[in-house]
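**Student:** What follows is upload-v1.cif, mmCIF, C-alpha atoms.
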data_structure
loop_
_atom_site.group_PDB
_atom_site.id
_atom_site.type_symbol
_atom_site.label_atom_id
_atom_site.label_comp_id
_atom_site.auth_asym_id
_atom_site.auth_seq_id
_atom_site.Cartn_x
_atom_site.Cartn_y
_atom_site.Cartn_z
ATOM 1 C CA MET A 1 -23.750 20.756 16.257
ATOM 2 C CA SER A 2 -22.025 23.900 15.082
ATOM 3 C CA GLU A 3 -18.798 21.972 14.768
ATOM 4 C CA HIS A 4 -20.574 19.542 12.490
ATOM 5 C CA HIS A 5 -21.670 22.341 10.185
ATOM 6 C CA ASP A 6 -18.201 23.811 10.061
ATOM 7 C CA HIS A 7 -16.931 20.511 8.815
ATOM 8 C CA HIS A 8 -19.352 20.490 5.900
ATOM 9 C CA ASP A 9 -18.433 23.982 4.828
ATOM 10 C CA HIS A 10 -15.074 22.693 3.568
ATOM 11 C CA ALA A 11 -16.822 20.271 1.243
ATOM 12 C CA GLU A 12 -14.165 18.437 -0.785
ATOM 13 C CA GLU A 13 -11.284 19.397 1.413
ATOM 14 C CA ALA A 14 -9.274 16.343 2.404
ATOM 15 C CA PRO A 15 -7.591 16.001 5.779
ATOM 16 C CA HIS A 16 -5.010 18.650 6.427
ATOM 17 C CA SER A 17 -1.460 17.313 6.378
ATOM 18 C CA THR A 18 1.503 18.887 8.059
ATOM 19 C CA PHE A 19 5.219 18.684 7.370
ATOM 20 C CA LYS A 20 5.793 17.688 10.987
ATOM 21 C CA GLY A 21 3.313 14.818 10.725
ATOM 22 C CA TYR A 22 4.970 13.404 7.607
ATOM 23 C CA MET A 23 8.451 13.722 9.101
ATOM 24 C CA ILE A 24 7.418 11.959 12.324
ATOM 25 C CA GLY A 25 5.909 9.160 10.235
ATOM 26 C CA PHE A 26 8.967 8.921 7.989
ATOM 27 C CA VAL A 27 11.571 8.859 10.776
ATOM 28 C CA ALA A 28 9.534 6.336 12.779
ATOM 29 C CA SER A 29 9.164 4.145 9.680
ATOM 30 C CA VAL A 30 12.886 4.233 8.949
ATOM 31 C CA ILE A 31 13.669 3.125 12.503
ATOM 32 C CA LEU A 32 10.919 0.494 12.501
ATOM 33 C CA THR A 33 12.218 -0.873 9.184
ATOM 34 C CA ALA A 34 15.914 -0.768 10.004
ATOM 35 C CA ILE A 35 15.665 -2.733 13.257
ATOM 36 C CA PRO A 36 13.967 -5.852 11.765
ATOM 37 C CA PHE A 37 16.405 -5.906 8.824
ATOM 38 C CA TRP A 38 19.326 -5.553 11.230
ATOM 39 C CA MET A 39 17.976 -8.354 13.439
ATOM 40 C CA VAL A 40 17.633 -10.784 10.547
ATOM 41 C CA MET A 41 20.688 -9.851 8.501
ATOM 42 C CA GLY A 42 22.954 -9.741 11.533
ATOM 43 C CA ASN A 43 21.552 -12.919 13.167
ATOM 44 C CA VAL A 44 21.211 -10.959 16.384
ATOM 45 C CA LEU A 45 19.109 -13.488 18.298
ATOM 46 C CA ASP A 46 19.706 -17.216 18.426
ATOM 47 C CA SER A 47 16.044 -18.050 18.784
ATOM 48 C CA ARG A 48 14.163 -17.988 15.488
ATOM 49 C CA ASN A 49 10.777 -17.771 17.203
ATOM 50 C CA ALA A 50 11.777 -14.745 19.259
ATOM 51 C CA THR A 51 13.062 -12.973 16.134
ATOM 52 C CA VAL A 52 9.836 -13.760 14.256
ATOM 53 C CA LEU A 53 7.689 -12.409 17.075
ATOM 54 C CA ILE A 54 9.741 -9.237 17.376
ATOM 55 C CA ILE A 55 9.797 -8.430 13.649
ATOM 56 C CA LEU A 56 6.051 -9.109 13.385
ATOM 57 C CA ALA A 57 5.478 -6.721 16.287
ATOM 58 C CA PHE A 58 7.615 -4.099 14.506
ATOM 59 C CA ALA A 59 5.574 -4.611 11.326
ATOM 60 C CA VAL A 60 2.297 -4.083 13.191
ATOM 61 C CA VAL A 61 3.598 -0.914 14.842
ATOM 62 C CA GLN A 62 4.859 0.385 11.493
ATOM 63 C CA ILE A 63 1.520 -0.297 9.820
ATOM 64 C CA VAL A 64 -0.188 1.731 12.560
ATOM 65 C CA VAL A 65 2.363 4.537 12.083
ATOM 66 C CA HIS A 66 1.648 4.585 8.329
ATOM 67 C CA MET A 67 -2.104 4.577 8.925
ATOM 68 C CA VAL A 68 -1.928 7.498 11.342
ATOM 69 C CA TYR A 69 0.761 9.737 9.815
ATOM 70 C CA PHE A 70 0.503 8.977 6.063
ATOM 71 C CA LEU A 71 -3.121 7.909 5.604
ATOM 72 C CA HIS A 72 -4.424 10.282 8.311
ATOM 73 C CA MET A 73 -6.683 7.723 9.942
ATOM 74 C CA ASP A 74 -8.664 8.866 12.929
ATOM 75 C CA PHE A 75 -12.102 8.319 14.426
ATOM 76 C CA GLN A 76 -13.451 11.643 13.133
ATOM 77 C CA SER A 77 -12.880 11.503 9.369
ATOM 78 C CA GLN A 78 -16.047 10.888 7.329
ATOM 79 C CA GLY A 79 -18.038 10.652 10.521
ATOM 80 C CA GLY A 80 -16.135 7.540 11.540
ATOM 81 C CA TRP A 81 -16.958 5.532 8.393
ATOM 82 C CA THR A 82 -13.361 5.129 7.269
ATOM 83 C CA MET A 83 -12.427 3.747 10.665
ATOM 84 C CA LEU A 84 -15.453 1.468 10.708
ATOM 85 C CA SER A 85 -14.634 0.032 7.277
ATOM 86 C CA LEU A 86 -11.015 -0.377 8.356
ATOM 87 C CA ILE A 87 -11.991 -2.296 11.493
ATOM 88 C CA PHE A 88 -14.335 -4.479 9.435
ATOM 89 C CA THR A 89 -11.535 -5.201 6.964
ATOM 90 C CA VAL A 90 -9.040 -5.987 9.703
ATOM 91 C CA VAL A 91 -11.484 -8.482 11.254
ATOM 92 C CA LEU A 92 -11.966 -10.227 7.889
ATOM 93 C CA LEU A 93 -8.226 -10.125 7.321
ATOM 94 C CA PHE A 94 -7.514 -11.897 10.596
ATOM 95 C CA ILE A 95 -10.179 -14.534 9.917
ATOM 96 C CA THR A 96 -8.750 -15.174 6.432
ATOM 97 C CA LEU A 97 -5.119 -15.279 7.506
ATOM 98 C CA PHE A 98 -5.288 -17.173 10.776
ATOM 99 C CA GLY A 99 -8.203 -19.343 9.648
ATOM 100 C CA SER A 100 -6.284 -20.506 6.577
ATOM 101 C CA LEU A 101 -3.041 -21.066 8.448
ATOM 102 C CA TRP A 102 -4.775 -22.894 11.295
ATOM 103 C CA VAL A 103 -6.878 -25.189 9.105
ATOM 104 C CA MET A 104 -4.133 -25.965 6.619
ATOM 105 C CA TYR A 105 -1.567 -26.614 9.338
ATOM 106 C CA HIS A 106 -3.813 -29.218 10.918
ATOM 107 C CA MET A 107 -4.580 -30.739 7.534
ATOM 108 C CA ASN A 108 -0.843 -31.107 7.016
ATOM 109 C CA VAL A 109 -0.129 -32.562 10.433
ATOM 110 C CA ASN A 110 -3.082 -34.929 10.659
ATOM 111 C CA MET A 111 -3.090 -36.209 7.098
ATOM 112 C CA MET A 112 0.561 -37.026 6.559
ATOM 113 C CA PRO A 113 1.060 -39.763 3.955
ATOM 114 C CA SER A 114 2.868 -41.884 6.553
ATOM 115 C CA MET A 115 -0.190 -41.885 8.804
ATOM 116 C CA MET A 116 -2.474 -42.842 5.961
ATOM 117 C CA GLY A 117 -0.169 -45.679 5.038
ATOM 118 C CA ALA A 118 -0.053 -46.984 8.622
ATOM 119 C CA SER A 119 -3.785 -47.232 9.093
ATOM 120 C CA MET B 1 -31.224 12.065 -11.485
ATOM 121 C CA SER B 2 -28.714 14.165 -13.395
ATOM 122 C CA ASN B 3 -29.755 15.860 -16.566
ATOM 123 C CA ALA B 4 -27.500 17.372 -19.155
ATOM 124 C CA VAL B 5 -28.357 20.638 -20.813
ATOM 125 C CA ALA B 6 -26.697 21.602 -24.065
ATOM 126 C CA THR B 7 -26.319 25.302 -24.622
ATOM 127 C CA PRO B 8 -24.633 26.968 -27.553
ATOM 128 C CA ALA B 9 -21.542 28.710 -26.296
ATOM 129 C CA ALA B 10 -21.008 32.306 -27.181
ATOM 130 C CA GLY B 11 -19.446 32.797 -30.584
ATOM 131 C CA ASN B 12 -17.748 29.628 -31.771
ATOM 132 C CA GLY B 13 -20.909 27.596 -32.279
ATOM 133 C CA LYS B 14 -19.675 24.632 -30.214
ATOM 134 C CA LEU B 15 -22.027 23.079 -27.756
ATOM 135 C CA GLU B 16 -21.214 23.262 -24.093
ATOM 136 C CA PHE B 17 -22.651 20.694 -21.784
ATOM 137 C CA LEU B 18 -23.798 21.572 -18.330
ATOM 138 C CA VAL B 19 -24.470 18.563 -16.168
ATOM 139 C CA ARG B 20 -26.744 19.201 -13.258
ATOM 140 C CA GLY B 21 -26.146 16.414 -10.808
ATOM 141 C CA GLU B 22 -27.074 15.766 -7.259
ATOM 142 C CA HIS B 23 -25.000 17.454 -4.664
ATOM 143 C CA HIS B 24 -22.137 15.157 -3.705
ATOM 144 C CA PRO B 25 -21.793 14.361 -0.046
ATOM 145 C CA ALA B 26 -18.689 15.915 1.460
ATOM 146 C CA GLN B 27 -15.599 13.857 0.590
ATOM 147 C CA GLY B 28 -17.786 11.107 -0.830
ATOM 148 C CA THR B 29 -15.116 10.209 -3.377
ATOM 149 C CA LEU B 30 -12.440 9.832 -0.750
ATOM 150 C CA LEU B 31 -14.618 7.519 1.330
ATOM 151 C CA GLY B 32 -15.502 5.486 -1.755
ATOM 152 C CA PHE B 33 -11.855 5.199 -2.699
ATOM 153 C CA TRP B 34 -10.994 4.149 0.833
ATOM 154 C CA ILE B 35 -13.555 1.341 0.621
ATOM 155 C CA TYR B 36 -11.985 0.244 -2.681
ATOM 156 C CA LEU B 37 -8.613 0.111 -0.906
ATOM 157 C CA MET B 38 -10.139 -1.998 1.851
ATOM 158 C CA SER B 39 -11.418 -4.482 -0.727
ATOM 159 C CA ASP B 40 -7.942 -4.512 -2.264
ATOM 160 C CA CYS B 41 -6.669 -5.248 1.211
ATOM 161 C CA LEU B 42 -8.785 -8.406 1.245
ATOM 162 C CA ILE B 43 -7.221 -9.555 -2.049
ATOM 163 C CA PHE B 44 -3.834 -9.221 -0.419
ATOM 164 C CA ALA B 45 -5.127 -10.979 2.708
ATOM 165 C CA SER B 46 -6.037 -14.045 0.652
ATOM 166 C CA LEU B 47 -2.706 -13.921 -1.197
ATOM 167 C CA PHE B 48 -0.844 -13.656 2.114
ATOM 168 C CA ALA B 49 -2.858 -16.590 3.447
ATOM 169 C CA THR B 50 -1.998 -18.638 0.330
ATOM 170 C CA TYR B 51 1.652 -17.786 0.710
ATOM 171 C CA GLY B 52 1.512 -18.634 4.423
ATOM 172 C CA VAL B 53 0.076 -22.067 3.658
ATOM 173 C CA LEU B 54 2.510 -22.832 0.828
ATOM 174 C CA SER B 55 5.603 -21.101 2.170
ATOM 175 C CA LEU B 56 7.299 -24.355 3.213
ATOM 176 C CA ASN B 57 6.337 -26.408 0.155
ATOM 177 C CA PHE B 58 9.699 -26.244 -1.584
ATOM 178 C CA ALA B 59 9.242 -29.471 -3.614
ATOM 179 C CA GLY B 60 12.963 -30.106 -3.191
ATOM 180 C CA GLY B 61 13.689 -26.722 -4.773
ATOM 181 C CA PRO B 62 15.325 -23.623 -3.359
ATOM 182 C CA SER B 63 13.981 -21.968 -0.212
ATOM 183 C CA GLY B 64 13.711 -18.292 0.571
ATOM 184 C CA ALA B 65 17.007 -18.433 2.420
ATOM 185 C CA ASP B 66 18.714 -19.615 -0.796
ATOM 186 C CA LEU B 67 17.068 -17.063 -3.065
ATOM 187 C CA PHE B 68 16.395 -13.813 -1.247
ATOM 188 C CA ASP B 69 18.988 -11.075 -1.368
ATOM 189 C CA LEU B 70 18.094 -9.023 1.693
ATOM 190 C CA GLU B 71 20.327 -6.112 0.722
ATOM 191 C CA LEU B 72 18.344 -5.729 -2.476
ATOM 192 C CA VAL B 73 15.094 -5.958 -0.499
ATOM 193 C CA ALA B 74 16.330 -3.309 1.925
ATOM 194 C CA LEU B 75 17.129 -1.066 -1.041
ATOM 195 C CA ASN B 76 13.655 -1.612 -2.454
ATOM 196 C CA THR B 77 12.060 -0.911 0.924
ATOM 197 C CA ALA B 78 14.020 2.328 1.090
ATOM 198 C CA PHE B 79 12.830 3.321 -2.411
ATOM 199 C CA LEU B 80 9.205 2.762 -1.477
ATOM 200 C CA LEU B 81 9.492 4.509 1.878
ATOM 201 C CA ILE B 82 11.207 7.540 0.323
ATOM 202 C CA SER B 83 8.556 7.658 -2.403
ATOM 203 C CA SER B 84 5.934 7.774 0.350
ATOM 204 C CA ILE B 85 7.476 10.827 1.990
ATOM 205 C CA THR B 86 8.023 12.576 -1.365
ATOM 206 C CA TYR B 87 4.345 12.024 -2.139
ATOM 207 C CA GLY B 88 3.635 13.593 1.245
ATOM 208 C CA PHE B 89 5.691 16.632 0.178
ATOM 209 C CA ALA B 90 3.642 16.842 -3.030
ATOM 210 C CA VAL B 91 0.447 16.952 -0.963
ATOM 211 C CA LEU B 92 1.944 19.662 1.253
ATOM 212 C CA LYS B 93 2.899 21.718 -1.824
ATOM 213 C CA MET B 94 -0.623 21.279 -3.134
ATOM 214 C CA GLN B 95 -2.032 22.619 0.122
ATOM 215 C CA GLN B 96 0.137 25.697 -0.422
ATOM 216 C CA ASN B 97 -1.314 25.938 -3.953
ATOM 217 C CA SER B 98 2.090 25.510 -5.569
ATOM 218 C CA LEU B 99 1.549 23.756 -8.902
ATOM 219 C CA ARG B 100 5.238 23.623 -9.735
ATOM 220 C CA GLY B 101 6.085 22.096 -6.356
ATOM 221 C CA THR B 102 3.303 19.533 -6.608
ATOM 222 C CA ILE B 103 4.364 18.407 -10.071
ATOM 223 C CA GLY B 104 8.015 18.318 -9.024
ATOM 224 C CA TRP B 105 7.496 16.136 -5.982
ATOM 225 C CA LEU B 106 5.059 13.876 -7.843
ATOM 226 C CA ALA B 107 7.699 13.361 -10.528
ATOM 227 C CA VAL B 108 10.278 12.476 -7.864
ATOM 228 C CA THR B 109 7.783 10.006 -6.403
ATOM 229 C CA GLY B 110 7.337 8.443 -9.822
ATOM 230 C CA VAL B 111 11.087 8.062 -10.271
ATOM 231 C CA PHE B 112 11.372 6.205 -6.963
ATOM 232 C CA GLY B 113 8.403 4.047 -7.957
ATOM 233 C CA LEU B 114 10.162 3.136 -11.200
ATOM 234 C CA CYS B 115 13.396 2.370 -9.301
ATOM 235 C CA PHE B 116 11.396 0.016 -7.098
ATOM 236 C CA LEU B 117 9.920 -1.715 -10.138
ATOM 237 C CA ALA B 118 13.304 -1.980 -11.839
ATOM 238 C CA VAL B 119 14.871 -3.688 -8.823
ATOM 239 C CA GLU B 120 11.904 -6.014 -8.438
ATOM 240 C CA LEU B 121 11.960 -6.977 -12.117
ATOM 241 C CA TYR B 122 15.700 -7.605 -11.844
ATOM 242 C CA GLU B 123 15.042 -9.847 -8.846
ATOM 243 C CA PHE B 124 12.308 -11.780 -10.674
ATOM 244 C CA TYR B 125 14.469 -12.093 -13.777
ATOM 245 C CA HIS B 126 17.367 -13.377 -11.717
ATOM 246 C CA MET B 127 15.197 -15.936 -9.902
ATOM 247 C CA ILE B 128 13.643 -17.234 -13.115
ATOM 248 C CA HIS B 129 17.088 -17.311 -14.706
ATOM 249 C CA VAL B 130 18.485 -19.634 -12.018
ATOM 250 C CA GLY B 131 15.509 -21.953 -12.440
ATOM 251 C CA ALA B 132 13.413 -20.661 -9.544
ATOM 252 C CA GLY B 133 10.429 -19.520 -11.582
ATOM 253 C CA PRO B 134 6.812 -19.639 -10.431
ATOM 254 C CA GLN B 135 6.375 -23.188 -11.779
ATOM 255 C CA ARG B 136 9.207 -24.610 -9.679
ATOM 256 C CA SER B 137 7.329 -25.163 -6.383
ATOM 257 C CA GLY B 138 4.243 -24.186 -4.433
ATOM 258 C CA PHE B 139 6.340 -21.764 -2.428
ATOM 259 C CA LEU B 140 7.566 -19.993 -5.558
ATOM 260 C CA SER B 141 4.091 -19.894 -7.150
ATOM 261 C CA ALA B 142 2.702 -18.218 -4.050
ATOM 262 C CA PHE B 143 5.722 -15.901 -3.831
ATOM 263 C CA PHE B 144 5.443 -14.704 -7.415
ATOM 264 C CA THR B 145 1.679 -14.238 -7.120
ATOM 265 C CA LEU B 146 1.869 -12.204 -3.922
ATOM 266 C CA VAL B 147 4.900 -10.062 -4.735
ATOM 267 C CA GLY B 148 3.876 -9.828 -8.398
ATOM 268 C CA THR B 149 0.421 -8.537 -7.493
ATOM 269 C CA HIS B 150 2.006 -5.871 -5.326
ATOM 270 C CA GLY B 151 4.378 -4.983 -8.149
ATOM 271 C CA LEU B 152 1.441 -4.781 -10.542
ATOM 272 C CA HIS B 153 -0.255 -2.338 -8.188
ATOM 273 C CA VAL B 154 2.873 -0.190 -8.138
ATOM 274 C CA THR B 155 2.959 -0.332 -11.953
ATOM 275 C CA PHE B 156 -0.616 0.906 -12.180
ATOM 276 C CA GLY B 157 0.178 3.523 -9.549
ATOM 277 C CA CYS B 158 2.986 4.792 -11.794
ATOM 278 C CA ILE B 159 0.681 4.895 -14.830
ATOM 279 C CA TRP B 160 -1.886 6.803 -12.792
ATOM 280 C CA LEU B 161 0.867 9.143 -11.629
ATOM 281 C CA VAL B 162 1.836 9.977 -15.210
ATOM 282 C CA THR B 163 -1.823 10.567 -16.087
ATOM 283 C CA LEU B 164 -2.184 12.816 -13.085
ATOM 284 C CA LEU B 165 0.907 14.802 -14.060
ATOM 285 C CA LEU B 166 -0.586 15.423 -17.500
ATOM 286 C CA GLN B 167 -3.901 16.476 -15.975
ATOM 287 C CA LEU B 168 -2.123 18.797 -13.563
ATOM 288 C CA ARG B 169 -0.142 20.385 -16.375
ATOM 289 C CA LYS B 170 -3.250 20.881 -18.440
ATOM 290 C CA HIS B 171 -5.743 22.067 -15.827
ATOM 291 C CA GLY B 172 -3.662 23.172 -12.874
ATOM 292 C CA LEU B 173 -4.714 22.763 -9.262
ATOM 293 C CA ILE B 174 -8.449 22.648 -9.780
ATOM 294 C CA GLN B 175 -10.749 20.971 -7.260
ATOM 295 C CA GLU B 176 -10.993 17.749 -9.315
ATOM 296 C CA ASN B 177 -7.236 17.436 -9.616
ATOM 297 C CA LYS B 178 -6.798 17.990 -5.903
ATOM 298 C CA ARG B 179 -9.214 15.155 -5.272
ATOM 299 C CA ARG B 180 -7.275 12.927 -7.683
ATOM 300 C CA VAL B 181 -4.007 13.755 -5.961
ATOM 301 C CA PHE B 182 -5.546 12.750 -2.627
ATOM 302 C CA CYS B 183 -6.894 9.484 -4.039
ATOM 303 C CA LEU B 184 -3.531 8.516 -5.509
ATOM 304 C CA SER B 185 -1.924 9.556 -2.229
ATOM 305 C CA MET B 186 -4.077 7.020 -0.379
ATOM 306 C CA PHE B 187 -3.304 4.382 -3.032
ATOM 307 C CA TRP B 188 0.429 5.007 -2.834
ATOM 308 C CA HIS B 189 0.632 4.962 0.967
ATOM 309 C CA PHE B 190 -1.572 1.871 0.989
ATOM 310 C CA LEU B 191 0.932 0.065 -1.257
ATOM 311 C CA ASP B 192 3.660 0.959 1.189
ATOM 312 C CA VAL B 193 1.574 -0.544 4.006
ATOM 313 C CA ILE B 194 1.223 -3.781 1.999
ATOM 314 C CA TRP B 195 4.964 -3.773 1.379
ATOM 315 C CA ILE B 196 5.589 -3.736 5.149
ATOM 316 C CA GLY B 197 3.714 -7.038 5.286
ATOM 317 C CA VAL B 198 5.628 -8.372 2.275
ATOM 318 C CA PHE B 199 9.126 -7.602 3.479
ATOM 319 C CA THR B 200 8.414 -8.813 7.009
ATOM 320 C CA TYR B 201 6.408 -11.921 6.260
ATOM 321 C CA VAL B 202 7.931 -13.027 2.950
ATOM 322 C CA TYR B 203 11.495 -11.784 2.833
ATOM 323 C CA LEU B 204 12.656 -11.478 6.444
ATOM 324 C CA MET B 205 10.842 -14.541 7.770
ATOM 325 C CA GLY B 206 11.610 -16.483 4.570
ATOM 326 C CA SER B 207 15.323 -15.835 5.008
ATOM 327 C CA MET B 208 15.312 -17.435 8.452
ATOM 328 C CA VAL B 209 14.207 -20.923 7.402
#
Rewrite the structure of this file - the entire thing - as C-alpha cells.
**Tutor:**
Amino acid sequence: MSEHHDHHDHAEEAPHSTFKGYMIGFVASVILTAIPFWMVMGNVLDSRNATVLIILAFAVVQIVVHMVYFLHMDFQSQGGWTMLSLIFTVVLLFITLFGSLWVMYHMNVNMMPSMMGAS
Amino acid sequence: MSNAVATPAAGNGKLEFLVRGEHHPAQGTLLGFWIYLMSDCLIFASLFATYGVLSLNFAGGPSGADLFDLELVALNTAFLLISSITYGFAVLKMQQNSLRGTIGWLAVTGVFGLCFLAVELYEFYHMIHVGAGPQRSGFLSAFFTLVGTHGLHVTFGCIWLVTLLLQLRKHGLIQENKRRVFCLSMFWHFLDVIWIGVFTYVYLMGSMV
C-alpha cells in the first residue's frame, strides 16, 4: 500500500528513462533491422517461405524491443491500464489482419472466374 | 465542474484567469494519449489488411520487386531509427532539466524526420513519374494509402515538433511542456514501430515476389 502512495506523489512524472535503456534498444534495433535487409538484399536463403517467416519473426522481436526500451511498456505503468489497452489492441489487430487475409484468400481461390465459367 | 475566476492583476489592469478544475489523475494525459495511439494502431491494422489482400493484384502493372529500391528503404529506416534514439536523448536531457540540450536533440530529431520525408517523397515522385501511381493497380493503391498514411503521420509529428520547440523556447521546461514532450515521444516511437511493419511487410516481402 505504501508503495502505491509513493507512486502518486510523483503526479505527472512520466516513466524514468535511462541512457543505458535507450542504447540497448537502439543497438538491438539496428541488429534486428540489418539482418532482415541483408537476408533479402543478398538472397541468402533459397526458400522464399523460410525468408518470410524469419523476417516476420525479426519484425515481431523488434516491435517488442521498441515497446520495452523506447515506449517503456511494463505491467506496472498506470496500474496496468496501458498494458491492458495494448493487449486489447493487439487482439483486434490480429482479428483484423488474419481475418481479412483468410477470408479474402478463400474468396479468391473459390471464386475464380474459370470456376464460375465451368459450372 | 471547473469554474473560472477573473481577478484583476496587480497594476496593469489586465484580467487574469484562474481556472479551478478537478484534480487530474496521475499521468491521466499520458494514458489518454496512449489510448489514442492504440486507436491509431487499428487504423494501420486495417490499412495493412487492405494491403495484404491487394498486394498481388498488379493488374498487369509493375510489382514491388520492379519498383522498390531497398537501398533507399534501408536509408529511410536508418533515418527513422536514428531519430528515435535522438528523441530518447532529448527526453534524457529533459530529465536532467537541461533546456538547451532538450531543444538541441529535438531539433536533430526533426531534421532526421524531414530527411525521412524527403526520401519518401522522392520515392513517391519517382514511382508516379514512371507510371506507377496509385491509380495504376490495386497493389499500388493500397501501397500509397498505407505508406502515405504513415508519411502523413510523420509530417504531423514534424509540425508538432516545431510547435513544441516554440513552446519550449517561450516557456522553458515547465510541467506542461514536459508532458507534451512525453506525448510526442510516444507518438514518435509509435511511428517507428509502424515503420517496422511497413518495411518488413511491404518492402522486404514485396521485393521477394
**Student:** Out of B:Phe17, B:Phe33, B:Phe139, B:Phe89, which residue has the shortest atom-to-atom distance to B:Thr102 when counting all atoms listed in the file?
**Tutor:**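 Residue with the minimum atom-to-atom distance to B:Thr102: B:Phe89.
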**Student:** Atom CA of B:Ile35 and atom CA of A:Ile87 are how many Å apart?
**Tutor:**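 Answer for the atom CA of B:Ile35 to atom CA of A:Ile87 separation: 11.6 Å.
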**Student:** For stretch 41-44 of chain A, list every protein, DNA or RNA residue within 9 Å, evaluated using only C-alpha atoms, and leave out those in the same chain fewer than 2 positions away; present the list as a list in words.
**Tutor:**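 In the requested form, the answer reads Pro36, Phe37, Trp38, Met39, Asp46 and Thr51 of chain A; Leu70, Glu71, Leu204 and Ser207 of chain B.
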**Student:** Contacts of A:Phe70 at 12 Å or less, counting all atoms listed in the file, minus same-chain residues fewer than 4 places along, as a PDB file with C-alpha atoms, keeping the file's coordinate frame?
**Tutor:**
ATOM      1  CA  PRO A  15      -7.591  16.001   5.779  1.00  0.00           C
ATOM      2  CA  HIS A  16      -5.010  18.650   6.427  1.00  0.00           C
ATOM      3  CA  SER A  17      -1.460  17.313   6.378  1.00  0.00           C
ATOM      4  CA  THR A  18       1.503  18.887   8.059  1.00  0.00           C
ATOM      5  CA  PHE A  19       5.219  18.684   7.370  1.00  0.00           C
ATOM      6  CA  LYS A  20       5.793  17.688  10.987  1.00  0.00           C
ATOM      7  CA  GLY A  21       3.313  14.818  10.725  1.00  0.00           C
ATOM      8  CA  TYR A  22       4.970  13.404   7.607  1.00  0.00           C
ATOM      9  CA  MET A  23       8.451  13.722   9.101  1.00  0.00           C
ATOM     10  CA  ILE A  24       7.418  11.959  12.324  1.00  0.00           C
ATOM     11  CA  GLY A  25       5.909   9.160  10.235  1.00  0.00           C
ATOM     12  CA  PHE A  26       8.967   8.921   7.989  1.00  0.00           C
ATOM     13  CA  ALA A  28       9.534   6.336  12.779  1.00  0.00           C
ATOM     14  CA  SER A  29       9.164   4.145   9.680  1.00  0.00           C
ATOM     15  CA  GLN A  62       4.859   0.385  11.493  1.00  0.00           C
ATOM     16  CA  ILE A  63       1.520  -0.297   9.820  1.00  0.00           C
ATOM     17  CA  VAL A  64      -0.188   1.731  12.560  1.00  0.00           C
ATOM     18  CA  VAL A  65       2.363   4.537  12.083  1.00  0.00           C
ATOM     19  CA  HIS A  66       1.648   4.585   8.329  1.00  0.00           C
ATOM     20  CA  ASP A  74      -8.664   8.866  12.929  1.00  0.00           C
TER      21      ASP A  74
ATOM     22  CA  LEU B  81       9.492   4.509   1.878  1.00  0.00           C
ATOM     23  CA  SER B  83       8.556   7.658  -2.403  1.00  0.00           C
ATOM     24  CA  SER B  84       5.934   7.774   0.350  1.00  0.00           C
ATOM     25  CA  ILE B  85       7.476  10.827   1.990  1.00  0.00           C
ATOM     26  CA  THR B  86       8.023  12.576  -1.365  1.00  0.00           C
ATOM     27  CA  TYR B  87       4.345  12.024  -2.139  1.00  0.00           C
ATOM     28  CA  GLY B  88       3.635  13.593   1.245  1.00  0.00           C
ATOM     29  CA  PHE B  89       5.691  16.632   0.178  1.00  0.00           C
ATOM     30  CA  VAL B  91       0.447  16.952  -0.963  1.00  0.00           C
ATOM     31  CA  LEU B  92       1.944  19.662   1.253  1.00  0.00           C
ATOM     32  CA  PHE B 182      -5.546  12.750  -2.627  1.00  0.00           C
ATOM     33  CA  SER B 185      -1.924   9.556  -2.229  1.00  0.00           C
ATOM     34  CA  MET B 186      -4.077   7.020  -0.379  1.00  0.00           C
ATOM     35  CA  PHE B 187      -3.304   4.382  -3.032  1.00  0.00           C
ATOM     36  CA  TRP B 188       0.429   5.007  -2.834  1.00  0.00           C
ATOM     37  CA  HIS B 189       0.632   4.962   0.967  1.00  0.00           C
ATOM     38  CA  PHE B 190      -1.572   1.871   0.989  1.00  0.00           C
ATOM     39  CA  LEU B 191       0.932   0.065  -1.257  1.00  0.00           C
ATOM     40  CA  ASP B 192       3.660   0.959   1.189  1.00  0.00           C
ATOM     41  CA  VAL B 193       1.574  -0.544   4.006  1.00  0.00           C
TER      42      VAL B 193
END
**Student:** Could you please determine the separation between atom CA of B:Ser46 and atom CA of B:Cys183 in Å, to one decimal place?
**Tutor:**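 Atom-to-atom, atom CA of B:Ser46 to atom CA of B:Cys183, that is 24.0 Å.
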**Student:** For stretch 79-86 of chain A, please output as a list in words all residues within 10 Å (counting only C-alpha atoms; exclusion window: fewer than 2 positions along the same chain).
**Tutor:**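 My list of contacting residues is His4, Met73, Asp74, Phe75, Gln76, Ser77, Phe88, Thr89, Val90, Val91 and Leu92 of chain A; Leu30, Leu31, Gly32, Trp34, Ile35, Leu37, Met38, Ser39 and Cys41 of chain B.
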**Student:** I need the output of the PyMOL selection byres ((chain B and resi 116) around 9) for this file as a VMD selection string; which residues are they?
**Tutor:** chain B and resid 75 to 80 111 to 115 117 to 121 151 154
**Student:** Within 9 Å of A:Phe58, counting only C-alpha atoms, which residues qualify if same-chain residues fewer than 3 places away don't, as a ChimeraX atom specification?
**Tutor:** /A:32-33,35-36,53-55,61-63 /B:200
**Student:** How would you write, as an NGL selection string, the residues chosen by the PyMOL selection byres ((chain B and resi 142) around 10) on this structure?
**Tutor:** :B and (47-55 or 57 or 134-135 or 137-141 or 143-148)
**Student:** Atom CA of B:Val130 and atom CA of B:Phe68, how far apart in Å?
**Tutor:**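 These atoms are spaced 12.4 Å apart.
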**Student:** Report as a PyMOL selection string all protein, DNA and RNA residues lying within 7 Å of A:Leu97, evaluated on all atoms listed in the file, omitting residues in the same chain fewer than 3 positions from it.
**Tutor:** (chain A and resi 93-94+100-101) or (chain B and resi 45+49)
